[in-house]
>>> print(open('my_file.tsv').read())   # TSV, C-alpha atoms and all ligand atoms
chain	number	residue	atom	x	y	z
A	1281	GLN	CA	5.82	23.48	10.25
A	1282	VAL	CA	5.62	20.25	8.28
A	1283	ALA	CA	3.75	17.10	9.35
A	1284	VAL	CA	4.81	14.00	7.47
A	1285	VAL	CA	2.18	11.27	7.66
A	1286	GLY	CA	3.65	8.05	6.39
A	1287	SER	CA	5.51	4.78	6.57
A	1288	ALA	CA	8.71	3.71	8.25
A	1289	ASN	CA	10.53	0.52	7.27
A	1290	ILE	CA	13.79	-1.15	8.05
A	1291	ASP	CA	15.47	-2.18	4.81
A	1292	LEU	CA	17.22	-5.56	5.06
A	1293	VAL	CA	19.50	-5.60	2.03
A	1294	VAL	CA	21.52	-8.58	0.78
A	1295	PRO	CA	23.70	-8.50	-2.32
A	1296	VAL	CA	23.30	-11.64	-4.48
A	1297	ASP	CA	24.75	-12.94	-7.75
A	1298	HIS	CA	21.23	-13.64	-8.95
A	1299	HIS	CA	17.77	-13.46	-7.38
A	1300	PRO	CA	16.44	-16.81	-6.14
A	1301	VAL	CA	13.66	-18.45	-8.14
A	1302	PRO	CA	10.85	-20.20	-6.20
A	1303	GLY	CA	12.28	-23.18	-4.32
A	1304	GLU	CA	15.88	-22.02	-4.71
A	1305	THR	CA	18.23	-20.93	-1.92
A	1306	VAL	CA	21.10	-18.60	-2.80
A	1307	LEU	CA	23.96	-17.54	-0.56
A	1308	GLY	CA	24.31	-13.78	-0.54
A	1309	GLY	CA	26.86	-11.26	0.72
A	1310	THR	CA	26.85	-9.22	3.91
A	1311	LEU	CA	23.49	-8.12	5.31
A	1312	ARG	CA	22.96	-4.36	5.59
A	1313	ARG	CA	20.19	-2.93	7.79
A	1314	SER	CA	19.19	0.61	7.08
A	1315	PRO	CA	16.34	2.93	8.03
A	1316	GLY	CA	13.89	3.57	5.20
A	1317	GLY	CA	10.23	3.76	4.24
A	1318	LYS	CA	8.94	6.64	2.17
A	1319	GLY	CA	7.45	8.53	5.11
A	1320	ALA	CA	10.55	8.34	7.31
A	1321	ASN	CA	12.84	9.20	4.39
A	1322	GLN	CA	10.74	12.25	3.53
A	1323	ALA	CA	10.63	13.41	7.15
A	1324	VAL	CA	14.43	13.19	7.37
A	1325	ALA	CA	14.72	15.17	4.13
A	1326	ALA	CA	12.30	17.89	5.28
A	1327	ALA	CA	14.19	18.35	8.55
A	1328	ARG	CA	17.81	17.96	7.44
A	1329	ALA	CA	17.84	19.25	3.85
A	1330	GLY	CA	14.82	21.51	4.22
A	1331	GLN	CA	15.50	22.85	7.73
A	1332	ALA	CA	11.78	22.75	8.49
A	1333	ASP	CA	10.24	22.10	11.92
A	1334	THR	CA	9.12	18.57	11.01
A	1335	SER	CA	6.90	16.12	12.90
A	1336	PHE	CA	6.52	12.49	11.89
A	1337	VAL	CA	3.09	10.89	12.26
A	1338	ALA	CA	3.57	7.14	11.92
A	1339	ALA	CA	3.24	3.73	13.58
A	1340	LEU	CA	6.21	1.60	14.66
A	1341	GLY	CA	6.45	-1.67	16.56
A	1342	ARG	CA	8.09	-2.18	19.93
A	1343	ASP	CA	11.22	-3.80	18.56
A	1344	GLU	CA	14.86	-3.13	17.80
A	1345	HIS	CA	14.00	-2.00	14.26
A	1346	ALA	CA	11.85	0.77	15.70
A	1347	ASP	CA	14.84	1.95	17.75
A	1348	ILE	CA	17.03	2.15	14.63
A	1349	LEU	CA	14.39	4.22	12.84
A	1350	LEU	CA	13.82	6.56	15.78
A	1351	ARG	CA	17.56	7.14	16.10
A	1352	SER	CA	17.87	8.15	12.45
A	1353	LEU	CA	14.84	10.45	12.66
A	1354	ASP	CA	16.07	12.03	15.89
A	1355	ASP	CA	19.57	12.57	14.43
A	1356	ALA	CA	18.02	14.48	11.53
A	1357	GLY	CA	16.04	16.67	13.96
A	1358	VAL	CA	12.61	15.20	13.22
A	1359	ARG	CA	10.10	15.43	16.10
A	1360	THR	CA	9.08	11.84	16.86
A	1361	ASP	CA	7.00	12.37	20.01
A	1362	VAL	CA	3.68	11.62	18.25
A	1363	VAL	CA	4.88	8.37	16.65
A	1364	ARG	CA	2.57	5.54	17.80
A	1365	ARG	CA	3.89	2.16	18.96
A	1366	THR	CA	1.78	-0.92	18.21
A	1367	ASP	CA	2.08	-4.66	18.85
A	1368	SER	CA	2.84	-5.36	15.17
A	1369	PRO	CA	6.44	-5.69	14.00
A	1370	THR	CA	7.98	-2.52	12.58
A	1371	GLY	CA	7.58	-2.34	8.79
A	1372	THR	CA	10.29	-4.29	7.01
A	1373	ALA	CA	11.52	-4.41	3.41
A	1374	LEU	CA	13.38	-7.57	2.34
A	1375	ILE	CA	15.64	-6.54	-0.52
A	1376	THR	CA	18.01	-8.55	-2.68
A	1377	VAL	CA	20.29	-6.61	-5.00
A	1378	SER	CA	21.74	-8.58	-7.91
A	1379	ALA	CA	25.15	-8.06	-9.49
A	1380	ASP	CA	23.55	-6.13	-12.38
A	1381	GLY	CA	22.10	-3.67	-9.84
A	1382	GLU	CA	18.50	-4.79	-10.06
A	1383	ASN	CA	16.43	-4.94	-6.82
A	1384	ALA	CA	13.81	-7.49	-5.84
A	1385	ILE	CA	11.77	-6.27	-2.87
A	1386	VAL	CA	9.13	-7.70	-0.54
A	1387	VAL	CA	7.60	-5.25	1.94
A	1388	ALA	CA	5.96	-6.48	5.14
A	1389	PRO	CA	3.97	-3.38	6.20
A	1390	GLY	CA	3.63	-4.51	9.84
A	1391	ALA	CA	2.90	-1.52	12.07
A	1392	ASN	CA	2.44	0.77	9.05
A	1393	ALA	CA	-0.87	-1.00	8.41
A	1394	ASP	CA	-2.03	-0.03	11.94
A	1395	LEU	CA	-1.82	3.69	11.18
A	1396	GLY	CA	-5.28	5.22	11.03
A	1397	ALA	CA	-6.63	8.75	11.10
A	1398	PRO	CA	-4.46	10.81	13.48
A	1399	GLU	CA	-5.92	11.18	16.97
A	1400	GLY	CA	-5.08	13.15	20.11
A	1401	GLU	CA	-1.68	14.82	20.04
A	1402	ALA	CA	-0.90	13.52	16.57
A	1403	ARG	CA	-4.07	15.15	15.32
A	1404	ASP	CA	-3.14	18.42	17.05
A	1405	ARG	CA	0.29	18.32	15.41
A	1406	VAL	CA	-1.26	17.83	11.97
A	1407	ALA	CA	-3.61	20.73	12.71
A	1408	GLN	CA	-0.61	22.99	13.45
A	1409	ALA	CA	1.20	22.20	10.22
A	1410	ASP	CA	1.47	24.57	7.28
A	1411	VAL	CA	2.14	21.60	5.01
A	1412	VAL	CA	0.95	18.02	5.47
A	1413	LEU	CA	2.98	15.57	3.39
A	1414	ALA	CA	1.69	12.02	2.82
A	1415	GLN	CA	2.48	9.00	0.64
A	1416	LEU	CA	0.58	5.78	-0.07
A	1417	GLU	CA	2.53	3.15	1.91
A	1418	ILE	CA	-0.05	3.61	4.70
A	1419	PRO	CA	-3.82	3.01	4.76
A	1420	LEU	CA	-5.79	5.58	2.80
A	1421	ASP	CA	-7.79	6.28	5.99
A	1422	ALA	CA	-4.64	7.75	7.54
A	1423	VAL	CA	-4.17	10.07	4.56
A	1424	LEU	CA	-7.82	11.08	4.59
A	1425	GLY	CA	-7.80	11.61	8.37
A	1426	ALA	CA	-4.75	13.85	8.06
A	1427	ALA	CA	-6.40	15.79	5.24
A	1428	ARG	CA	-9.45	16.38	7.43
A	1429	ALA	CA	-7.35	17.39	10.45
A	1430	ARG	CA	-5.57	20.16	8.52
A	1431	ARG	CA	-6.27	23.74	9.45
A	1432	SER	CA	-7.74	25.84	6.68
A	1433	GLY	CA	-5.05	27.21	4.40
A	1434	ALA	CA	-2.63	24.35	5.12
A	1435	LEU	CA	-1.43	22.51	2.01
A	1436	LEU	CA	-1.80	18.77	1.48
A	1437	VAL	CA	1.11	17.49	-0.58
A	1438	LEU	CA	0.54	13.90	-1.71
A	1439	ASN	CA	3.34	11.79	-3.14
A	1440	ALA	CA	1.22	9.11	-4.83
A	1441	ALA	CA	3.75	6.35	-4.29
A	1442	PRO	CA	3.19	3.48	-4.68
A	1443	PRO	CA	0.32	4.46	-7.00
A	1444	ALA	CA	-3.10	3.41	-5.71
A	1445	GLU	CA	-6.74	4.09	-6.42
A	1446	LEU	CA	-7.77	7.32	-4.65
A	1447	THR	CA	-11.25	8.22	-3.46
A	1448	ALA	CA	-12.95	11.41	-4.64
A	1449	GLU	CA	-12.52	12.94	-1.18
A	1450	VAL	CA	-8.76	12.38	-1.27
A	1451	TRP	CA	-8.48	13.79	-4.79
A	1452	ASP	CA	-10.41	16.88	-3.71
A	1453	ALA	CA	-8.19	17.39	-0.67
A	1454	VAL	CA	-4.85	17.29	-2.50
A	1455	ASP	CA	-3.23	20.66	-3.24
A	1456	VAL	CA	0.05	19.44	-4.71
A	1457	LEU	CA	0.49	15.98	-6.25
A	1458	VAL	CA	4.07	14.70	-6.67
A	1459	VAL	CA	4.57	11.75	-9.02
A	1460	ASN	CA	7.37	10.17	-11.01
A	1461	GLU	CA	6.78	9.10	-14.60
A	1462	HIS	CA	5.58	5.61	-13.73
A	1463	GLU	CA	3.19	6.92	-11.06
A	1464	ALA	CA	1.79	9.61	-13.38
A	1465	ARG	CA	0.89	6.99	-15.99
A	1466	ALA	CA	-0.61	4.63	-13.40
A	1467	LEU	CA	-2.78	7.35	-11.82
A	1468	ALA	CA	-4.01	8.82	-15.09
A	1469	GLY	CA	-5.05	5.42	-16.46
A	1470	SER	CA	-3.71	3.12	-19.12
A	1471	GLU	CA	-4.37	5.25	-22.20
A	1472	HIS	CA	-1.13	7.17	-21.74
A	1473	ASP	CA	2.38	6.05	-22.68
A	1474	ASP	CA	3.60	9.59	-22.25
A	1475	ALA	CA	4.09	10.66	-18.63
A	1476	ARG	CA	3.87	14.37	-19.52
A	1477	ALA	CA	0.45	13.89	-21.10
A	1478	ALA	CA	-0.64	11.78	-18.13
A	1479	ALA	CA	0.50	14.46	-15.66
A	1480	ASP	CA	-1.26	17.08	-17.73
A	1481	ASP	CA	-4.51	15.09	-17.43
A	1482	LEU	CA	-4.05	14.98	-13.65
A	1483	THR	CA	-4.18	18.79	-13.47
A	1484	ALA	CA	-7.91	18.46	-14.12
A	1485	ARG	CA	-8.19	16.87	-10.63
A	1486	VAL	CA	-5.42	18.59	-8.64
A	1487	GLY	CA	-4.37	22.26	-8.74
A	1488	THR	CA	-0.64	21.58	-9.00
A	1489	VAL	CA	1.09	18.47	-10.32
A	1490	VAL	CA	4.85	18.08	-9.94
A	1491	LEU	CA	6.23	15.39	-12.26
A	1492	THR	CA	9.75	14.22	-11.41
A	1493	LEU	CA	11.90	13.20	-14.37
A	1494	GLY	CA	15.00	11.60	-12.84
A	1495	ALA	CA	18.17	13.11	-14.34
A	1496	ALA	CA	16.00	15.60	-16.25
A	1497	GLY	CA	14.72	17.26	-13.04
A	1498	CYS	CA	11.00	17.97	-12.87
A	1499	VAL	CA	8.14	19.85	-14.44
A	1500	VAL	CA	5.52	21.85	-12.54
A	1501	LEU	CA	2.10	21.66	-14.18
A	1502	GLN	CA	-0.84	23.81	-13.23
A	1503	HIS	CA	-4.29	24.00	-14.68
A	1504	ASP	CA	-4.52	27.02	-17.01
A	1505	ALA	CA	-0.81	27.94	-16.74
A	1506	ASP	CA	2.24	27.11	-18.83
A	1507	PRO	CA	4.27	24.20	-17.48
A	1508	VAL	CA	7.63	25.12	-15.92
A	1509	THR	CA	10.56	22.75	-16.32
A	1510	VAL	CA	13.29	22.72	-13.64
A	1511	ALA	CA	16.45	21.07	-14.97
A	1512	ALA	CA	18.62	18.98	-12.65
A	1513	PRO	CA	22.36	19.67	-12.40
A	1514	THR	CA	24.57	17.01	-13.94
A	1515	VAL	CA	25.92	14.72	-11.24
A	1516	SER	CA	27.51	11.30	-11.16
A	1517	ALA	CA	24.77	9.06	-9.83
A	1518	VAL	CA	25.83	6.15	-7.62
A	1519	ASP	CA	22.49	5.17	-6.01
A	1520	THR	CA	19.07	6.61	-6.84
A	1521	THR	CA	17.38	5.06	-3.77
A	1522	GLY	CA	15.46	7.75	-1.92
A	1523	ALA	CA	15.95	10.48	-4.55
A	1524	GLY	CA	12.21	10.90	-4.95
A	1525	ASP	CA	11.77	10.95	-1.16
A	1526	THR	CA	14.44	13.64	-0.74
A	1527	PHE	CA	12.68	15.63	-3.45
A	1528	CYS	CA	9.29	15.40	-1.68
A	1529	GLY	CA	10.61	16.27	1.77
A	1530	VAL	CA	12.49	19.33	0.54
A	1531	LEU	CA	9.58	20.49	-1.59
A	1532	ALA	CA	7.26	20.33	1.44
A	1533	ALA	CA	9.77	22.13	3.66
A	1534	ALA	CA	10.20	24.97	1.16
A	1535	LEU	CA	6.44	25.34	0.71
A	1536	ALA	CA	6.02	25.49	4.50
A	1537	GLN	CA	8.58	28.31	4.59
A	1538	GLY	CA	6.44	30.27	2.14
A	1539	ALA	CA	8.21	29.55	-1.15
A	1540	GLY	CA	6.18	29.41	-4.35
A	1541	THR	CA	5.87	26.07	-6.08
A	1542	VAL	CA	8.57	26.69	-8.69
A	1543	PRO	CA	11.24	28.00	-6.28
A	1544	ALA	CA	10.38	25.10	-3.95
A	1545	ALA	CA	10.81	22.70	-6.89
A	1546	ARG	CA	14.26	24.21	-7.58
A	1547	ARG	CA	15.41	23.32	-4.06
A	1548	ALA	CA	13.83	19.88	-4.33
A	1549	VAL	CA	15.57	19.14	-7.64
A	1550	ALA	CA	18.95	20.23	-6.23
A	1551	ALA	CA	18.45	18.08	-3.11
A	1552	GLY	CA	17.38	15.06	-5.20
A	1553	ALA	CA	20.46	15.44	-7.40
A	1554	LEU	CA	22.75	15.53	-4.34
A	1555	ALA	CA	21.01	12.46	-2.89
A	1556	VAL	CA	21.87	10.29	-5.92
A	1557	THR	CA	25.59	11.01	-5.46
A	1558	ARG	CA	25.55	9.03	-2.17
A	1559	HIS	CA	24.55	5.50	-1.16
A	1560	GLY	CA	21.45	4.72	0.87
A	1561	ALA	CA	18.20	6.56	1.50
A	1562	GLN	CA	18.27	8.58	4.75
A	1563	GLU	CA	22.08	8.49	4.82
A	1564	ALA	CA	22.12	10.16	1.40
A	1565	VAL	CA	20.01	13.20	2.35
A	1566	PRO	CA	22.21	16.32	1.94
A	1567	ASP	CA	22.31	19.17	4.43
A	1568	ALA	CA	20.54	22.46	3.74
A	1569	ALA	CA	23.73	24.43	3.09
A	1570	ALA	CA	24.75	22.08	0.27
A	1571	VAL	CA	21.31	22.42	-1.29
A	1572	THR	CA	21.45	26.21	-1.10
A	1573	ARG	CA	24.92	26.29	-2.71
A	1574	LEU	CA	23.73	24.13	-5.61
A	1575	VAL	CA	20.58	26.23	-6.16
A	1576	ARG	CA	22.73	29.42	-6.37
A	1577	GLU	CA	25.18	27.94	-8.91
B	1601	LIG	P1	11.90	8.40	-8.10
B	1601	LIG	O1	13.16	8.27	-7.30
B	1601	LIG	O2	10.68	8.55	-7.29
B	1601	LIG	O3	11.75	7.40	-9.21
B	1601	LIG	P2	12.96	10.37	-9.98
B	1601	LIG	O4	13.80	9.28	-10.57
B	1601	LIG	O5	12.12	11.17	-10.91
B	1601	LIG	O6	11.99	9.83	-8.83
B	1601	LIG	O7	13.96	11.33	-9.17
B	1601	LIG	C1	13.51	12.32	-8.28
B	1601	LIG	C2	14.43	13.51	-8.30
B	1601	LIG	O8	15.76	13.09	-7.94
B	1601	LIG	C3	14.57	14.18	-9.65
B	1601	LIG	O9	13.57	15.14	-9.83
B	1601	LIG	C4	15.96	14.80	-9.54
B	1601	LIG	O10	15.92	15.97	-8.79
B	1601	LIG	C5	16.73	13.77	-8.73
B	1601	LIG	N1	17.44	12.80	-9.58
B	1601	LIG	C6	17.13	11.50	-9.78
B	1601	LIG	N2	18.03	10.89	-10.60
B	1601	LIG	C7	18.93	11.84	-10.93
B	1601	LIG	C8	20.14	11.88	-11.73
B	1601	LIG	N3	20.57	10.78	-12.38
B	1601	LIG	N4	20.82	13.05	-11.82
B	1601	LIG	C9	20.40	14.16	-11.16
B	1601	LIG	N5	19.28	14.19	-10.39
B	1601	LIG	C10	18.56	13.06	-10.26
>>> encode(input="my_file.tsv", output="structure tokens")
Amino acid sequence: QVAVVGSANIDLVVPVDHHPVPGETVLGGTLRRSPGGKGANQAVAAARAGQADTSFVAALGRDEHADILLRSLDDAGVRTDVVRRTDSPTGTALITVSADGENAIVVAPGANADLGAPEGEARDRVAQADVVLAQLEIPLDAVLGAARARRSGALLVLNAAPPAELTAEVWDAVDVLVVNEHEARALAGSEHDDARAAADDLTARVGTVVLTLGAAGCVVLQHDADPVTVAAPTVSAVDTTGAGDTFCGVLAAALAQGAGTVPAARRAVAAGALAVTRHGAQEAVPDAAAVTRLVRE
């Protein structure tokens, strides 16, 4: 079993010719509303592409946006019965996408900020999990609470996105840290330009560091072991939104099913590569059969 402890957002996306500057109003194209947030995306990936029994531990509002998110999670087979509802609005990301493909994003965390340490049934669900997967779009107390609620032997996989200062207790609790190049540099401190060197430094604090490298796949770094690079298949990328989330969800699902870190990373790389061939975040998550075919090729 996998318990994903994390954020859920509705993405409100408007295409624009150019991003507005302060004081300016621009007329954009057609509004698209889609379910997102790192936690929800990763839960969908663990369930659909990873075929793991996946529970989502999160906070949503009592609004229409919550309904859209719950529908997407339910469709993917994610267990949503321990999702909390609060009086805050559901997390929302306001996104403008310019003609040159660049995004400008404002996130209103809303209900995500209400998530604390898991309690009651949510806590029980975390305690049943073989893998607890968290990100940093929620209060650190929620991550720490989930880490403490784990049963002994369960793995804590932390996707340190967006990068934030971690406490010593969180560092000590993490078994597998997943970071992209930007996050590796931010977490290791400013002395590194090189993400590989930064990730290598992080192995002093965490047993296993998985550094994702976009089109180059990923590298698995472990203290006192040779790094293992997993190349990504060549694909034609149309939208990289959610690639990292697909990677994390599938990695956690494979680890929960007993795979070693490197075989799990192979499935995660294949799933991430398939995700970039489709538009959107949760909509782009491939099914497990497609991932298996690509891993065998
Ligand atoms: P993030 O989306 O968090 O910035 P990356 O860009 O490192 O993370 O991508 C995560 C994973 O998605 C990669 O490890 C890889 O499996 C897959 N991926 C991303 N971009 C590409 C690409 N252009 N071609 C193939 N796979 C990709």
>>> closest_residue(input="my_file.tsv", among="A:Gly1425, A:Gln1322, A:Leu1349, A:Leu1340", to="ligand LIG 1601 (chain B)", atoms="only C-alpha atoms and all ligand atoms")
A:Gln1322
>>> closest_residue(input="my_file.tsv", among="A:Ser1378, A:Val1387, A:Ala1426, A:Leu1554", to="A:Arg1403", atoms="only C-alpha atoms")
A:Ala1426
>>> residues_near_point(input="my_file.tsv", point="(0.5, 10.8, 21.6)", cutoff="10 Å", atoms="all atoms listed in the file", output="PyMOL selection string")
chain A and resi 1337+1360-1365+1398-1405
>>> closest_atom_pairs(input="my_file.tsv", of="chain A", to="ligand LIG 1601 (chain B)", cutoff="8 Å", atoms="all atoms listed in the file", output="Markdown table")
| residue | atom | partner | partner_atom | distance |
| --- | --- | --- | --- | --- |
| A:Ala1441 | CA | B:LIG1601 | O2 | 7.9 |
| A:Val1459 | CA | B:LIG1601 | O2 | 7.1 |
| A:Asn1460 | CA | B:LIG1601 | O5 | 4.9 |
| A:Glu1461 | CA | B:LIG1601 | O5 | 6.8 |
| A:His1462 | CA | B:LIG1601 | O3 | 7.9 |
| A:Leu1491 | CA | B:LIG1601 | O5 | 7.4 |
| A:Thr1492 | CA | B:LIG1601 | O5 | 3.9 |
| A:Leu1493 | CA | B:LIG1601 | O5 | 4.0 |
| A:Gly1494 | CA | B:LIG1601 | O4 | 3.5 |
| A:Ala1495 | CA | B:LIG1601 | C8 | 3.5 |
| A:Ala1496 | CA | B:LIG1601 | C4 | 6.8 |
| A:Gly1497 | CA | B:LIG1601 | O9 | 4.0 |
| A:Cys1498 | CA | B:LIG1601 | O9 | 4.9 |
| A:Ala1512 | CA | B:LIG1601 | N5 | 5.3 |
| A:Pro1513 | CA | B:LIG1601 | C9 | 6.0 |
| A:Thr1514 | CA | B:LIG1601 | C9 | 5.8 |
| A:Val1515 | CA | B:LIG1601 | N4 | 5.4 |
| A:Ser1516 | CA | B:LIG1601 | N4 | 6.9 |
| A:Ala1517 | CA | B:LIG1601 | N3 | 5.2 |
| A:Thr1520 | CA | B:LIG1601 | N2 | 5.8 |
| A:Thr1521 | CA | B:LIG1601 | O1 | 6.4 |
| A:Gly1522 | CA | B:LIG1601 | O1 | 5.9 |
| A:Ala1523 | CA | B:LIG1601 | O8 | 4.3 |
| A:Gly1524 | CA | B:LIG1601 | O2 | 3.7 |
| A:Asp1525 | CA | B:LIG1601 | O2 | 6.7 |
| A:Thr1526 | CA | B:LIG1601 | O8 | 7.3 |
| A:Phe1527 | CA | B:LIG1601 | C2 | 5.6 |
| A:Ala1548 | CA | B:LIG1601 | O10 | 6.3 |
| A:Val1549 | CA | B:LIG1601 | O10 | 3.4 |
| A:Ala1550 | CA | B:LIG1601 | O10 | 5.8 |
| A:Ala1551 | CA | B:LIG1601 | O10 | 6.6 |
| A:Gly1552 | CA | B:LIG1601 | O8 | 3.7 |
| A:Ala1553 | CA | B:LIG1601 | N5 | 3.4 |
| A:Leu1554 | CA | B:LIG1601 | N5 | 7.1 |
| A:Ala1555 | CA | B:LIG1601 | O8 | 7.3 |
| A:Val1556 | CA | B:LIG1601 | C7 | 6.0 |
>>> axis_aligned_box(input="my_file.tsv", around="stretch 1334-1350 of chain A", padding_each_side="5 Å", output="lines of an AutoDock Vina configuration file")
center_x = 10.1
center_y = 7.4
center_z = 15.5
size_x = 23.9
size_y = 32.4
size_z = 18.9
>>> residues_around(input="my_file.tsv", residues="A:Ala1434", least_positions_apart="3", cutoff="7 Å", atoms="only C-alpha atoms", output="VMD selection string")
chain A and resid 1409 to 1411 1430 to 1431
>>> residues_around(input="my_file.tsv", residues="A:Ala1466", least_positions_apart="3", cutoff="12 Å", atoms="only C-alpha atoms", output="ChimeraX atom specification")
/A:1440-1446,1459-1463,1469-1475,1478-1479,1481-1482
>>> closest_residue(input="my_file.tsv", among="A:Ala1379, A:Val1499, A:Val1450, A:Ala1338", to="A:Ala1544", atoms="all atoms listed in the file")
A:Val1499
>>> closest_residue(input="my_file.tsv", among="A:Ile1375, A:Val1324, A:Leu1395, A:Ala1339", to="A:Pro1295", atoms="all atoms listed in the file")
A:Ile1375
>>> closest_residue(input="my_file.tsv", among="A:Thr1334, A:Gln1502, A:Asn1289, A:Thr1305", to="A:Gln1537", atoms="all atoms listed in the file")
A:Thr1334
>>> residues_around(input="my_file.tsv", residues="A:Gly1538", least_positions_apart="3", cutoff="12 Å", atoms="only C-alpha atoms", output="compact mmCIF listing (two decimals) with C-alpha atoms, keeping the file's coordinate frame")
# COMPACT_ATOMS: atom_id res chain seq x y z
CA GLN A 1281 5.82 23.48 10.25
CA VAL A 1282 5.62 20.25 8.28
CA ALA A 1332 11.78 22.75 8.49
CA ASP A 1410 1.47 24.57 7.28
CA VAL A 1411 2.14 21.60 5.01
CA ALA A 1434 -2.63 24.35 5.12
CA LEU A 1435 -1.43 22.51 2.01
CA LEU A 1531 9.58 20.49 -1.59
CA ALA A 1532 7.26 20.33 1.44
CA ALA A 1533 9.77 22.13 3.66
CA ALA A 1534 10.20 24.97 1.16
CA LEU A 1535 6.44 25.34 0.71
CA THR A 1541 5.87 26.07 -6.08
CA VAL A 1542 8.57 26.69 -8.69
CA PRO A 1543 11.24 28.00 -6.28
CA ALA A 1544 10.38 25.10 -3.95
>>> decode(input="my_file.tsv", residues="stretch 1520-1531 of chain A", atoms="N, CA and C atoms", output="PDB file, in the first residue's frame")
ATOM      1  N   THR A1520       5.649  18.889 -20.586  1.00  0.00           N
ATOM      2  CA  THR A1520       6.369  18.228 -19.483  1.00  0.00           C
ATOM      3  C   THR A1520       5.673  18.423 -18.126  1.00  0.00           C
ATOM      4  N   THR A1521       4.512  19.092 -18.111  1.00  0.00           N
ATOM      5  CA  THR A1521       3.774  19.263 -16.849  1.00  0.00           C
ATOM      6  C   THR A1521       3.501  17.894 -16.227  1.00  0.00           C
ATOM      7  N   GLY A1522       3.834  17.762 -14.956  1.00  0.00           N
ATOM      8  CA  GLY A1522       3.478  16.530 -14.254  1.00  0.00           C
ATOM      9  C   GLY A1522       4.411  15.354 -14.503  1.00  0.00           C
ATOM     10  N   ALA A1523       5.468  15.551 -15.298  1.00  0.00           N
ATOM     11  CA  ALA A1523       6.396  14.427 -15.546  1.00  0.00           C
ATOM     12  C   ALA A1523       7.060  13.982 -14.245  1.00  0.00           C
ATOM     13  N   GLY A1524       7.521  14.970 -13.475  1.00  0.00           N
ATOM     14  CA  GLY A1524       8.167  14.651 -12.202  1.00  0.00           C
ATOM     15  C   GLY A1524       7.182  13.980 -11.246  1.00  0.00           C
ATOM     16  N   ASP A1525       5.925  14.408 -11.268  1.00  0.00           N
ATOM     17  CA  ASP A1525       4.912  13.802 -10.387  1.00  0.00           C
ATOM     18  C   ASP A1525       4.622  12.360 -10.798  1.00  0.00           C
ATOM     19  N   THR A1526       4.530  12.113 -12.097  1.00  0.00           N
ATOM     20  CA  THR A1526       4.323  10.740 -12.567  1.00  0.00           C
ATOM     21  C   THR A1526       5.483   9.872 -12.117  1.00  0.00           C
ATOM     22  N   PHE A1527       6.689  10.403 -12.272  1.00  0.00           N
ATOM     23  CA  PHE A1527       7.897   9.688 -11.842  1.00  0.00           C
ATOM     24  C   PHE A1527       7.777   9.287 -10.363  1.00  0.00           C
ATOM     25  N   CYS A1528       7.447  10.248  -9.503  1.00  0.00           N
ATOM     26  CA  CYS A1528       7.411   9.986  -8.054  1.00  0.00           C
ATOM     27  C   CYS A1528       6.338   8.964  -7.686  1.00  0.00           C
ATOM     28  N   GLY A1529       5.158   9.100  -8.277  1.00  0.00           N
ATOM     29  CA  GLY A1529       4.074   8.185  -7.954  1.00  0.00           C
ATOM     30  C   GLY A1529       4.414   6.754  -8.337  1.00  0.00           C
ATOM     31  N   VAL A1530       5.008   6.595  -9.513  1.00  0.00           N
ATOM     32  CA  VAL A1530       5.338   5.245  -9.995  1.00  0.00           C
ATOM     33  C   VAL A1530       6.510   4.665  -9.211  1.00  0.00           C
ATOM     34  N   LEU A1531       7.462   5.498  -8.862  1.00  0.00           N
ATOM     35  CA  LEU A1531       8.579   5.025  -8.026  1.00  0.00           C
ATOM     36  C   LEU A1531       8.037   4.481  -6.702  1.00  0.00           C
TER      37      LEU A1531
END
